[in-house]
$ cat data_3.cif   # mmCIF, C-alpha atoms
data_entry
loop_
_atom_site.label_atom_id
_atom_site.label_comp_id
_atom_site.auth_asym_id
_atom_site.auth_seq_id
_atom_site.Cartn_x
_atom_site.Cartn_y
_atom_site.Cartn_z
CA MET A 1 124.91 13.39 2.92
CA LYS A 2 125.69 13.90 6.59
CA LEU A 3 128.71 12.24 8.19
CA MET A 4 129.31 11.89 11.89
CA HIS A 5 132.88 11.92 13.15
CA GLY A 6 133.29 9.88 16.30
CA LEU A 7 134.24 11.60 19.54
CA LYS A 8 136.74 10.24 22.04
CA ASN A 9 135.33 6.98 23.27
CA ASP A 10 136.14 4.96 26.38
CA ASN A 11 134.85 1.76 24.80
CA GLU A 12 136.17 1.69 21.24
CA ARG A 13 137.37 -1.13 19.00
CA LEU A 14 141.14 -1.35 18.86
CA ALA A 15 141.44 -1.13 15.07
CA LYS A 16 139.23 1.94 14.97
CA LYS A 17 141.33 3.58 17.68
CA ILE A 18 144.51 2.92 15.71
CA ALA A 19 142.97 4.33 12.52
CA ARG A 20 141.81 7.47 14.32
CA SER A 21 145.33 8.06 15.60
CA GLY A 22 146.48 8.41 12.00
CA PHE A 23 148.93 5.49 12.35
CA SER A 24 147.26 3.48 9.57
CA SER A 25 143.94 2.74 7.93
CA ARG A 26 141.45 0.59 9.81
CA ARG A 27 141.97 -2.33 7.42
CA VAL A 28 145.74 -2.24 7.93
CA ALA A 29 145.23 -1.95 11.70
CA GLU A 30 143.12 -5.11 11.65
CA ASP A 31 145.93 -6.88 9.81
CA TYR A 32 148.42 -5.74 12.48
CA ILE A 33 146.13 -7.10 15.20
CA SER A 34 145.48 -10.47 13.56
CA LYS A 35 149.24 -10.97 13.08
CA GLY A 36 149.95 -10.34 16.76
CA ARG A 37 151.86 -7.12 16.20
CA VAL A 38 149.74 -5.05 18.60
CA LYS A 39 150.01 -4.77 22.38
CA VAL A 40 147.69 -2.89 24.72
CA ASN A 41 149.21 -1.93 28.07
CA GLY A 42 151.95 -4.51 27.46
CA ASN A 43 149.62 -7.39 26.52
CA LYS A 44 149.43 -8.82 23.00
CA VAL A 45 145.97 -8.57 21.42
CA THR A 46 144.81 -10.63 18.42
CA ASN A 47 141.04 -10.33 18.88
CA LEU A 48 139.59 -7.89 16.34
CA SER A 49 136.64 -7.23 18.67
CA PHE A 50 138.90 -6.09 21.52
CA LYS A 51 137.91 -2.69 22.88
CA VAL A 52 140.12 -0.06 24.47
CA LYS A 53 139.72 2.97 26.65
CA HIS A 54 141.04 6.44 25.97
CA LYS A 55 143.82 6.10 28.57
CA ASP A 56 145.09 2.71 27.27
CA LYS A 57 148.57 2.64 25.72
CA ILE A 58 148.73 0.92 22.35
CA PHE A 59 151.96 -0.32 20.78
CA ILE A 60 152.52 -1.64 17.24
CA ASP A 61 155.82 -3.47 16.75
CA GLY A 62 156.97 -1.86 19.98
CA ARG A 63 156.12 1.65 18.83
CA LEU A 64 153.61 3.70 20.83
CA ILE A 65 150.92 5.00 18.49
CA PRO A 66 150.43 8.76 18.52
CA LYS A 67 147.69 10.40 20.50
CA GLU A 68 144.50 10.90 18.58
CA GLU A 69 144.95 13.92 16.35
CA LYS A 70 142.49 16.54 15.32
CA LEU A 71 140.80 15.50 12.09
CA ARG A 72 142.49 17.17 9.13
CA LEU A 73 141.85 17.08 5.41
CA TRP A 74 143.81 18.18 2.35
CA LYS A 75 143.22 18.29 -1.37
CA PHE A 76 146.00 17.44 -3.81
CA ASN A 77 146.11 18.00 -7.56
CA LYS A 78 147.61 14.70 -8.64
CA PRO A 79 149.70 14.70 -11.83
CA ARG A 80 149.76 11.71 -14.15
CA GLY A 81 152.50 9.15 -13.54
CA LEU A 82 152.13 8.77 -9.77
CA ILE A 83 150.86 5.70 -7.92
CA THR A 84 148.31 6.28 -5.13
CA SER A 85 150.04 3.95 -2.68
CA HIS A 86 152.53 4.22 0.16
CA ASN A 87 154.70 1.56 -1.48
CA ASP A 88 154.93 0.19 -5.00
CA GLU A 89 156.48 -3.21 -5.60
CA ARG A 90 157.55 -2.10 -9.09
CA GLY A 91 159.42 0.91 -7.74
CA ARG A 92 157.24 3.55 -9.38
CA LYS A 93 157.00 7.00 -7.80
CA THR A 94 154.08 7.41 -5.41
CA VAL A 95 151.89 10.33 -4.44
CA PHE A 96 153.26 10.21 -0.91
CA GLN A 97 156.86 10.65 -2.09
CA VAL A 98 156.10 14.06 -3.59
CA LEU A 99 154.01 15.52 -0.76
CA PRO A 100 155.54 18.28 1.39
CA SER A 101 157.60 16.93 4.30
CA LYS A 102 155.68 19.16 6.72
CA LEU A 103 152.52 17.08 6.30
CA PRO A 104 151.79 14.47 8.99
CA ARG A 105 151.27 10.85 7.97
CA VAL A 106 148.23 10.87 5.68
CA VAL A 107 146.14 8.33 3.78
CA SER A 108 144.28 8.88 0.54
CA VAL A 109 140.51 8.84 0.27
CA GLY A 110 140.11 6.37 -2.57
CA ARG A 111 142.62 6.28 -5.38
CA LEU A 112 143.48 7.66 -8.78
CA ASP A 113 145.34 5.24 -11.02
CA LEU A 114 148.75 5.87 -12.61
CA ASN A 115 147.41 7.69 -15.66
CA SER A 116 144.59 9.57 -13.93
CA GLU A 117 144.97 13.09 -12.58
CA GLY A 118 143.18 15.77 -10.63
CA LEU A 119 141.59 15.91 -7.19
CA LEU A 120 142.81 13.49 -4.56
CA LEU A 121 141.74 13.90 -0.93
CA LEU A 122 144.18 13.15 1.89
CA THR A 123 143.42 12.80 5.60
CA ASN A 124 145.22 11.97 8.84
CA ASP A 125 142.25 9.89 10.01
CA GLY A 126 141.84 6.35 8.65
CA ASN A 127 138.32 6.01 10.01
CA PHE A 128 137.20 9.21 8.30
CA LYS A 129 138.76 7.95 5.05
CA ARG A 130 136.74 4.76 5.30
CA LYS A 131 133.47 6.62 5.88
CA LEU A 132 133.99 8.77 2.79
CA GLU A 133 134.74 5.72 0.66
CA LEU A 134 131.69 3.67 1.64
CA PRO A 135 129.05 3.34 -1.12
CA SER A 136 126.41 4.09 1.52
CA ALA A 137 127.83 7.62 1.86
CA LYS A 138 126.61 8.24 -1.73
CA ILE A 139 129.31 10.80 -2.46
CA LEU A 140 129.40 11.96 -6.07
CA ARG A 141 132.80 11.98 -7.78
CA SER A 142 132.96 14.16 -10.89
CA TYR A 143 135.40 13.84 -13.79
CA LEU A 144 136.34 15.32 -17.13
CA VAL A 145 137.00 12.45 -19.53
CA ARG A 146 138.55 12.42 -22.98
CA ALA A 147 138.08 9.22 -24.95
CA ARG A 148 138.99 8.03 -28.43
CA GLY A 149 135.98 7.07 -30.47
CA LEU A 150 132.51 8.29 -31.36
CA ILE A 151 129.65 8.63 -28.88
CA ASP A 152 125.95 8.24 -29.62
CA GLU A 153 122.73 8.02 -27.62
CA LYS A 154 122.83 4.23 -27.47
CA LYS A 155 126.28 4.29 -25.85
CA LEU A 156 125.28 7.10 -23.49
CA SER A 157 122.19 5.14 -22.46
CA ARG A 158 124.28 2.10 -21.48
CA LEU A 159 126.42 4.27 -19.19
CA ARG A 160 123.38 5.98 -17.73
CA ILE A 161 121.51 2.79 -16.84
CA GLY A 162 124.56 0.89 -15.55
CA MET A 163 126.05 -2.39 -16.72
CA MET A 164 127.53 -5.71 -15.68
CA ILE A 165 131.12 -6.49 -16.73
CA SER A 166 132.84 -9.76 -15.79
CA GLY A 167 130.36 -10.30 -12.98
CA ILE A 168 130.82 -6.82 -11.52
CA ASN A 169 127.83 -4.49 -11.40
CA TYR A 170 128.55 -0.84 -12.28
CA ARG A 171 125.96 1.68 -11.17
CA PRO A 172 124.38 4.26 -13.47
CA MET A 173 126.57 7.27 -14.27
CA LYS A 174 125.78 10.90 -14.90
CA VAL A 175 127.19 11.50 -18.38
CA ASP A 176 127.04 14.54 -20.65
CA VAL A 177 128.88 15.25 -23.89
CA ILE A 178 131.00 18.40 -23.85
CA LYS A 179 132.63 18.19 -27.27
CA GLN A 180 133.00 15.61 -30.07
CA ASN A 181 135.52 15.82 -32.90
CA LYS A 182 136.63 13.31 -35.54
CA SER A 183 138.65 11.10 -33.20
CA ASN A 184 137.96 12.09 -29.58
CA VAL A 185 135.07 13.04 -27.34
CA TRP A 186 135.14 15.05 -24.10
CA LEU A 187 132.50 14.18 -21.49
CA SER A 188 131.59 15.14 -17.96
CA VAL A 189 131.06 12.03 -15.83
CA GLY A 190 129.69 11.58 -12.33
CA ILE A 191 129.88 8.32 -10.37
CA ILE A 192 128.85 7.38 -6.84
CA GLU A 193 130.77 4.27 -5.93
CA GLY A 194 134.14 4.62 -7.61
CA LYS A 195 135.06 0.97 -8.22
CA ASN A 196 138.58 0.19 -9.43
CA ARG A 197 139.05 1.61 -12.98
CA GLU A 198 135.29 2.00 -13.25
CA ILE A 199 135.23 4.71 -15.91
CA ARG A 200 137.94 3.13 -18.06
CA LEU A 201 136.34 -0.31 -17.99
CA THR A 202 132.78 0.82 -18.70
CA PHE A 203 133.94 3.06 -21.54
CA GLU A 204 135.93 0.19 -23.06
CA GLU A 205 132.74 -1.90 -22.92
CA ILE A 206 130.99 0.56 -25.25
CA GLY A 207 133.98 0.96 -27.59
CA LEU A 208 135.60 4.10 -26.18
CA HIS A 209 139.24 4.23 -25.09
CA VAL A 210 139.88 6.73 -22.26
CA ASN A 211 143.07 8.68 -22.91
CA ARG A 212 142.65 11.38 -20.28
CA LEU A 213 140.84 11.25 -16.94
CA ILE A 214 140.69 14.23 -14.58
CA ARG A 215 138.80 14.17 -11.28
CA THR A 216 137.32 17.62 -10.72
CA SER A 217 135.37 17.13 -7.49
CA PHE A 218 134.71 14.71 -4.65
CA GLY A 219 131.39 15.51 -3.00
CA PRO A 220 131.44 19.14 -1.89
CA VAL A 221 135.19 19.55 -2.52
CA GLY A 222 136.22 20.90 -5.91
CA LEU A 223 139.67 20.97 -7.50
CA GLY A 224 139.32 24.66 -8.25
CA ASN A 225 142.48 26.46 -9.41
CA LEU A 226 144.88 24.37 -7.33
CA PRO A 227 148.08 24.01 -9.41
CA LYS A 228 149.14 20.54 -10.49
CA GLY A 229 151.31 18.85 -7.86
CA GLU A 230 150.22 21.26 -5.10
CA VAL A 231 148.42 20.43 -1.84
CA GLU A 232 146.03 22.62 0.18
CA GLU A 233 144.44 22.02 3.58
CA ILE A 234 140.67 22.39 3.74
CA ASP A 235 138.04 22.22 6.47
CA ALA A 236 136.83 18.63 6.98
CA ASN A 237 133.55 20.02 8.35
CA ILE A 238 132.49 20.57 4.75
CA PHE A 239 131.45 16.89 4.73
CA TYR A 240 129.48 17.18 7.98
CA GLN A 241 127.51 20.14 6.71
CA SER A 242 126.74 18.89 3.20
CA LYS A 243 123.67 16.78 2.47
#

$ encode --input "data_3.cif" --output "C-alpha coordinates"
Amino acid sequence: MKLMHGLKNDNERLAKKIARSGFSSRRVAEDYISKGRVKVNGNKVTNLSFKVKHKDKIFIDGRLIPKEEKLRLWKFNKPRGLITSHNDERGRKTVFQVLPSKLPRVVSVGRLDLNSEGLLLLTNDGNFKRKLELPSAKILRSYLVRARGLIDEKKLSRLRIGMMISGINYRPMKVDVIKQNKSNVWLSVGIIEGKNREIRLTFEEIGLHVNRLIRTSFGPVGLGNLPKGEVEEIDANIFYQSK
(Lines of atoms letter the chains of each structure in order from A and count residues from 1; the text may use other names and numbers.)
(Lines give C-alpha, C1' and ligand atoms only; values in the text may rest on other atoms or scores of the structure.)
Protein backbone atom coordinates (compact mmCIF):
# COMPACT_ATOMS: atom_id res chain seq x y z
CA MET A 1 0.00 0.00 0.00
CA LYS A 2 1.27 3.45 -0.90
CA LEU A 3 -0.82 6.55 -0.19
CA MET A 4 -0.22 9.97 -1.65
CA HIS A 5 -1.14 12.99 0.43
CA GLY A 6 -2.11 15.95 -1.71
CA LEU A 7 0.03 19.07 -1.70
CA LYS A 8 -1.33 22.61 -1.67
CA ASN A 9 -3.29 23.01 -4.85
CA ASP A 10 -4.41 26.15 -6.68
CA ASN A 11 -7.22 24.29 -8.43
CA GLU A 12 -8.86 22.07 -5.81
CA ARG A 13 -12.46 21.02 -5.23
CA LEU A 14 -14.10 23.02 -2.47
CA ALA A 15 -15.18 20.03 -0.37
CA LYS A 16 -11.69 18.57 -0.49
CA LYS A 17 -10.21 21.89 0.59
CA ILE A 18 -12.58 22.06 3.56
CA ALA A 19 -11.74 18.49 4.58
CA ARG A 20 -8.02 19.17 4.38
CA SER A 21 -8.42 22.16 6.68
CA GLY A 22 -9.64 19.79 9.39
CA PHE A 23 -13.00 21.59 9.65
CA SER A 24 -14.99 18.47 8.74
CA SER A 25 -14.90 15.30 6.69
CA ARG A 26 -15.28 15.58 2.92
CA ARG A 27 -18.77 14.04 3.04
CA VAL A 28 -19.93 16.56 5.64
CA ALA A 29 -18.34 19.38 3.63
CA GLU A 30 -20.34 18.34 0.57
CA ASP A 31 -23.50 18.47 2.68
CA TYR A 32 -22.61 22.01 3.82
CA ILE A 33 -22.12 23.07 0.20
CA SER A 34 -25.33 21.52 -1.13
CA LYS A 35 -27.32 23.24 1.64
CA GLY A 36 -25.91 26.65 0.75
CA ARG A 37 -23.97 27.08 3.98
CA VAL A 38 -20.63 27.78 2.27
CA LYS A 39 -19.33 31.05 0.84
CA VAL A 40 -16.11 31.60 -1.08
CA ASN A 41 -14.81 35.18 -1.06
CA GLY A 42 -18.27 36.33 0.03
CA ASN A 43 -20.22 34.41 -2.65
CA LYS A 44 -22.48 31.46 -1.83
CA VAL A 45 -21.45 28.21 -3.54
CA THR A 46 -23.74 25.18 -3.98
CA ASN A 47 -21.93 23.45 -6.85
CA LEU A 48 -20.02 20.41 -5.57
CA SER A 49 -17.63 20.67 -8.54
CA PHE A 50 -16.61 24.22 -7.64
CA LYS A 51 -12.84 24.63 -7.39
CA VAL A 52 -10.88 27.04 -5.23
CA LYS A 53 -7.40 28.47 -5.10
CA HIS A 54 -5.07 28.45 -2.13
CA LYS A 55 -5.61 32.18 -1.45
CA ASP A 56 -9.45 31.98 -1.52
CA LYS A 57 -11.28 32.63 1.75
CA ILE A 58 -13.88 30.02 2.63
CA PHE A 59 -16.65 30.58 5.17
CA ILE A 60 -19.09 28.02 6.60
CA ASP A 61 -22.08 29.55 8.41
CA GLY A 62 -20.11 32.78 8.52
CA ARG A 63 -17.07 31.17 10.11
CA LEU A 64 -13.73 31.33 8.29
CA ILE A 65 -12.30 27.83 8.01
CA PRO A 66 -8.82 27.38 9.43
CA LYS A 67 -5.75 27.41 7.26
CA GLU A 68 -4.71 24.01 6.03
CA GLU A 69 -2.91 22.26 8.85
CA LYS A 70 -0.01 19.90 8.76
CA LEU A 71 -1.29 16.33 8.52
CA ARG A 72 -1.35 14.74 11.97
CA LEU A 73 -2.33 11.29 13.18
CA TRP A 74 -3.03 9.79 16.60
CA LYS A 75 -3.85 6.37 17.95
CA PHE A 76 -6.37 5.94 20.75
CA ASN A 77 -7.07 2.86 22.86
CA LYS A 78 -10.86 2.98 22.90
CA PRO A 79 -12.60 1.49 25.94
CA ARG A 80 -15.95 -0.25 25.64
CA GLY A 81 -19.03 1.92 26.17
CA LEU A 82 -18.07 4.86 23.94
CA ILE A 83 -19.73 5.85 20.66
CA THR A 84 -17.42 6.71 17.74
CA SER A 85 -19.36 9.83 16.76
CA HIS A 86 -19.18 13.55 17.41
CA ASN A 87 -22.82 13.54 18.52
CA ASP A 88 -25.18 10.82 19.67
CA GLU A 89 -28.92 11.37 19.48
CA ARG A 90 -29.41 9.01 22.44
CA GLY A 91 -27.06 11.01 24.64
CA ARG A 92 -24.44 8.30 25.05
CA LYS A 93 -20.85 9.30 25.79
CA THR A 94 -18.66 9.63 22.70
CA VAL A 95 -14.99 9.07 22.01
CA PHE A 96 -14.53 12.76 21.33
CA GLN A 97 -15.85 13.76 24.76
CA VAL A 98 -13.04 11.92 26.53
CA LEU A 99 -10.11 13.02 24.35
CA PRO A 100 -7.61 15.51 25.81
CA SER A 101 -8.67 19.15 25.32
CA LYS A 102 -5.26 19.96 23.84
CA LEU A 103 -6.03 17.97 20.69
CA PRO A 104 -7.23 19.93 17.64
CA ARG A 105 -10.51 18.98 16.00
CA VAL A 106 -10.06 15.40 14.82
CA VAL A 107 -12.09 12.79 12.94
CA SER A 108 -11.90 9.04 13.34
CA VAL A 109 -10.62 6.71 10.65
CA GLY A 110 -13.50 4.27 10.49
CA ARG A 111 -15.37 3.34 13.63
CA LEU A 112 -15.52 0.93 16.52
CA ASP A 113 -19.02 0.23 17.79
CA LEU A 114 -20.23 0.78 21.36
CA ASN A 115 -19.07 -2.59 22.67
CA SER A 116 -15.83 -2.83 20.67
CA GLU A 117 -12.48 -1.68 22.01
CA GLY A 118 -8.87 -1.20 21.05
CA LEU A 119 -7.10 0.76 18.33
CA LEU A 120 -8.88 3.75 16.84
CA LEU A 121 -7.01 6.14 14.55
CA LEU A 122 -7.71 9.88 14.68
CA THR A 123 -6.60 12.55 12.22
CA ASN A 124 -7.01 16.28 11.63
CA ASP A 125 -7.37 15.71 7.88
CA GLY A 126 -10.74 14.54 6.52
CA ASN A 127 -9.31 13.72 3.11
CA PHE A 128 -6.61 11.52 4.61
CA LYS A 129 -9.29 9.75 6.69
CA ARG A 130 -11.25 9.00 3.54
CA LYS A 131 -8.22 7.57 1.73
CA LEU A 132 -7.48 5.19 4.59
CA GLU A 133 -11.09 4.00 4.69
CA LEU A 134 -11.44 3.22 0.98
CA PRO A 135 -11.59 -0.52 0.15
CA SER A 136 -9.14 0.16 -2.69
CA ALA A 137 -6.47 1.04 -0.10
CA LYS A 138 -6.57 -2.64 0.97
CA ILE A 139 -5.56 -1.88 4.55
CA LEU A 140 -5.68 -4.88 6.86
CA ARG A 141 -7.45 -4.41 10.19
CA SER A 142 -6.55 -7.02 12.81
CA TYR A 143 -8.62 -8.05 15.83
CA LEU A 144 -8.70 -10.37 18.79
CA VAL A 145 -12.19 -11.84 19.03
CA ARG A 146 -13.85 -13.84 21.78
CA ALA A 147 -17.08 -15.56 20.82
CA ARG A 148 -19.52 -17.89 22.56
CA GLY A 149 -19.87 -21.21 20.82
CA LEU A 150 -17.78 -23.93 19.24
CA ILE A 151 -15.65 -23.49 16.12
CA ASP A 152 -14.84 -26.14 13.53
CA GLU A 153 -13.22 -26.26 10.10
CA LYS A 154 -16.53 -25.89 8.29
CA LYS A 155 -17.27 -22.62 10.12
CA LEU A 156 -13.72 -21.36 9.62
CA SER A 157 -13.97 -22.13 5.91
CA ARG A 158 -17.11 -20.00 5.54
CA LEU A 159 -15.31 -17.02 7.10
CA ARG A 160 -12.23 -17.59 4.98
CA ILE A 161 -14.06 -17.72 1.64
CA GLY A 162 -16.47 -14.86 2.40
CA MET A 163 -20.25 -14.83 2.48
CA MET A 164 -23.39 -12.97 1.50
CA ILE A 165 -25.74 -11.80 4.28
CA SER A 166 -28.96 -9.89 3.56
CA GLY A 167 -27.65 -8.92 0.14
CA ILE A 168 -24.33 -7.63 1.47
CA ASN A 169 -21.13 -9.32 0.30
CA TYR A 170 -18.47 -9.84 3.00
CA ARG A 171 -14.96 -10.49 1.77
CA PRO A 172 -12.81 -13.41 2.90
CA MET A 173 -11.23 -13.01 6.35
CA LYS A 174 -7.95 -14.17 7.79
CA VAL A 175 -9.01 -16.30 10.76
CA ASP A 176 -6.99 -18.43 13.17
CA VAL A 177 -8.04 -20.13 16.39
CA ILE A 178 -6.06 -19.07 19.45
CA LYS A 179 -7.90 -21.00 22.16
CA GLN A 180 -11.15 -22.97 22.51
CA ASN A 181 -12.77 -23.94 25.80
CA LYS A 182 -16.19 -25.37 26.66
CA SER A 183 -18.16 -22.19 26.01
CA ASN A 184 -15.93 -19.63 24.28
CA VAL A 185 -13.34 -19.43 21.54
CA TRP A 186 -10.61 -16.81 21.04
CA LEU A 187 -9.60 -16.06 17.44
CA SER A 188 -7.33 -13.69 15.57
CA VAL A 189 -9.22 -12.06 12.69
CA GLY A 190 -8.03 -9.89 9.81
CA ILE A 191 -10.35 -7.99 7.48
CA ILE A 192 -9.71 -5.59 4.62
CA GLU A 193 -12.88 -3.60 4.12
CA GLY A 194 -14.35 -3.14 7.59
CA LYS A 195 -18.07 -2.94 6.80
CA ASN A 196 -20.43 -1.95 9.60
CA ARG A 197 -20.46 -4.70 12.30
CA GLU A 198 -18.80 -7.04 9.82
CA ILE A 199 -17.21 -9.42 12.31
CA ARG A 200 -20.26 -9.61 14.58
CA LEU A 201 -22.66 -10.27 11.70
CA THR A 202 -20.56 -12.90 9.94
CA PHE A 203 -19.89 -14.72 13.20
CA GLU A 204 -23.61 -14.73 14.02
CA GLU A 205 -24.21 -16.27 10.58
CA ILE A 206 -22.11 -19.31 11.55
CA GLY A 207 -23.60 -19.61 15.05
CA LEU A 208 -21.01 -17.70 17.11
CA HIS A 209 -21.93 -14.78 19.36
CA VAL A 210 -19.11 -12.20 19.71
CA ASN A 211 -18.79 -11.07 23.32
CA ARG A 212 -15.46 -9.27 23.07
CA LEU A 213 -13.89 -7.50 20.09
CA ILE A 214 -10.50 -5.78 20.31
CA ARG A 215 -8.83 -4.09 17.34
CA THR A 216 -5.09 -4.63 17.63
CA SER A 217 -3.81 -3.01 14.43
CA PHE A 218 -4.81 -0.90 11.45
CA GLY A 219 -2.37 -1.41 8.60
CA PRO A 220 1.13 -0.65 9.86
CA VAL A 221 -0.10 0.89 13.13
CA GLY A 222 -0.33 -1.42 16.13
CA LEU A 223 -2.05 -0.82 19.47
CA GLY A 224 1.08 -1.83 21.33
CA ASN A 225 1.13 -1.14 25.08
CA LEU A 226 -0.96 2.04 24.89
CA PRO A 227 -3.11 2.10 28.06
CA LYS A 228 -6.87 1.99 27.70
CA GLY A 229 -8.36 5.46 27.27
CA GLU A 230 -4.99 7.02 26.32
CA VAL A 231 -4.06 8.76 23.06
CA GLU A 232 -0.63 9.00 21.39
CA GLU A 233 0.48 10.97 18.34
CA ILE A 234 2.26 8.97 15.64
CA ASP A 235 3.92 9.79 12.32
CA ALA A 236 1.38 9.72 9.47
CA ASN A 237 4.24 8.97 7.06
CA ILE A 238 4.02 5.36 8.22
CA PHE A 239 1.18 4.96 5.69
CA TYR A 240 3.15 6.54 2.84
CA GLN A 241 6.10 4.24 3.40
CA SER A 242 4.22 0.96 3.86
CA LYS A 243 3.29 -1.24 0.92

$ resolve_selection --input "data_3.cif" --expression "the PyMOL selection byres ((chain A and resi 34-38) around 12)" --output "ChimeraX atom specification"
/A:14-15,18,27-33,39-50,57-65

$ atom_distance --input "data_3.cif" --atom1 "CA of Lys17 in chain A" --atom2 "CA of Asp88 in chain A"
26.7 Å

$ closest_residue --input "data_3.cif" --among "A:Ile161, A:Ala147, A:Val185, A:Ile214" --to "Leu114 in chain A" --atoms "all atoms listed in the file"
A:Ile214

$ closest_residue --input "data_3.cif" --among "A:Asn115, A:Thr202, A:Asn211, A:Thr84" --to "Trp186 in chain A" --atoms "all atoms listed in the file"
A:Asn211

$ resolve_selection --input "data_3.cif" --expression "the PyMOL selection byres ((chain A and resi 231-240) around 12)" --output "VMD selection string"
chain A and resid 1 to 6 70 to 79 95 to 96 98 to 104 106 118 to 125 128 to 129 131 to 132 137 to 139 218 to 230 241 to 243

$ build_atoms --input "data_3.cif" --residues "range 210-221 of chain A" --atoms "all heavy atoms" --output "short mmCIF file (atom, residue, chain, number, x, y, z; two decimals), in the frame of the given file"
data_model
loop_
_atom_site.label_atom_id
_atom_site.label_comp_id
_atom_site.auth_asym_id
_atom_site.auth_seq_id
_atom_site.Cartn_x
_atom_site.Cartn_y
_atom_site.Cartn_z
N VAL A 210 139.58 5.52 -23.05
CA VAL A 210 139.88 6.73 -22.26
C VAL A 210 141.37 7.05 -22.37
O VAL A 210 142.23 6.23 -22.07
CB VAL A 210 139.50 6.52 -20.78
CG1 VAL A 210 139.97 7.72 -19.93
CG2 VAL A 210 138.00 6.33 -20.63
N ASN A 211 141.67 8.27 -22.83
CA ASN A 211 143.07 8.68 -22.91
C ASN A 211 143.39 9.88 -22.03
O ASN A 211 144.54 10.32 -21.96
CB ASN A 211 143.49 8.95 -24.37
CG ASN A 211 142.51 9.86 -25.10
OD1 ASN A 211 141.98 10.80 -24.53
ND2 ASN A 211 142.27 9.55 -26.37
N ARG A 212 142.40 10.38 -21.32
CA ARG A 212 142.65 11.38 -20.28
C ARG A 212 141.50 11.35 -19.28
O ARG A 212 140.33 11.32 -19.67
CB ARG A 212 142.81 12.78 -20.86
CG ARG A 212 143.40 13.76 -19.84
CD ARG A 212 143.89 15.03 -20.44
NE ARG A 212 144.53 15.87 -19.42
CZ ARG A 212 144.82 17.15 -19.57
NH1 ARG A 212 144.54 17.76 -20.72
NH2 ARG A 212 145.37 17.83 -18.59
N LEU A 213 141.85 11.35 -18.00
CA LEU A 213 140.84 11.25 -16.94
C LEU A 213 141.23 12.19 -15.81
O LEU A 213 142.27 12.03 -15.19
CB LEU A 213 140.76 9.81 -16.43
CG LEU A 213 139.72 9.48 -15.36
CD1 LEU A 213 138.31 9.68 -15.89
CD2 LEU A 213 139.88 8.04 -14.88
N ILE A 214 140.38 13.19 -15.57
CA ILE A 214 140.69 14.23 -14.58
C ILE A 214 139.55 14.30 -13.57
O ILE A 214 138.41 14.62 -13.93
CB ILE A 214 140.84 15.61 -15.25
CG1 ILE A 214 141.82 15.56 -16.41
CG2 ILE A 214 141.25 16.66 -14.21
CD1 ILE A 214 141.74 16.79 -17.31
N ARG A 215 139.84 14.01 -12.30
CA ARG A 215 138.80 14.17 -11.28
C ARG A 215 138.72 15.65 -10.92
O ARG A 215 139.72 16.28 -10.57
CB ARG A 215 139.09 13.35 -10.03
CG ARG A 215 137.95 13.43 -9.01
CD ARG A 215 138.33 12.82 -7.68
NE ARG A 215 138.28 11.37 -7.73
CZ ARG A 215 138.94 10.58 -6.88
NH1 ARG A 215 139.74 11.11 -5.98
NH2 ARG A 215 138.83 9.27 -6.97
N THR A 216 137.52 16.19 -10.98
CA THR A 216 137.32 17.62 -10.72
C THR A 216 136.66 17.91 -9.38
O THR A 216 136.78 19.02 -8.86
CB THR A 216 136.47 18.24 -11.84
OG1 THR A 216 135.24 17.52 -11.95
CG2 THR A 216 137.21 18.19 -13.16
N SER A 217 135.97 16.91 -8.82
CA SER A 217 135.37 17.13 -7.49
C SER A 217 135.11 15.80 -6.81
O SER A 217 134.98 14.75 -7.45
CB SER A 217 134.06 17.93 -7.59
OG SER A 217 133.05 17.18 -8.24
N PHE A 218 135.04 15.87 -5.48
CA PHE A 218 134.71 14.71 -4.65
C PHE A 218 133.71 15.23 -3.63
O PHE A 218 134.08 15.94 -2.68
CB PHE A 218 135.95 14.17 -3.96
CG PHE A 218 135.76 12.85 -3.25
CD1 PHE A 218 136.23 11.67 -3.79
CD2 PHE A 218 135.09 12.79 -2.03
CE1 PHE A 218 136.06 10.46 -3.13
CE2 PHE A 218 134.91 11.59 -1.36
CZ PHE A 218 135.40 10.42 -1.92
N GLY A 219 132.42 14.94 -3.86
CA GLY A 219 131.39 15.51 -3.00
C GLY A 219 131.44 17.02 -3.06
O GLY A 219 131.50 17.61 -4.15
N PRO A 220 131.47 17.69 -1.91
CA PRO A 220 131.44 19.14 -1.89
C PRO A 220 132.79 19.80 -2.15
O PRO A 220 132.89 21.02 -2.22
CB PRO A 220 130.98 19.45 -0.45
CG PRO A 220 131.52 18.30 0.35
CD PRO A 220 131.39 17.10 -0.56
N VAL A 221 133.85 19.00 -2.32
CA VAL A 221 135.19 19.55 -2.52
C VAL A 221 135.53 19.58 -4.00
O VAL A 221 135.50 18.55 -4.68
CB VAL A 221 136.26 18.73 -1.77
CG1 VAL A 221 137.65 19.34 -1.99
CG2 VAL A 221 135.94 18.65 -0.29
#
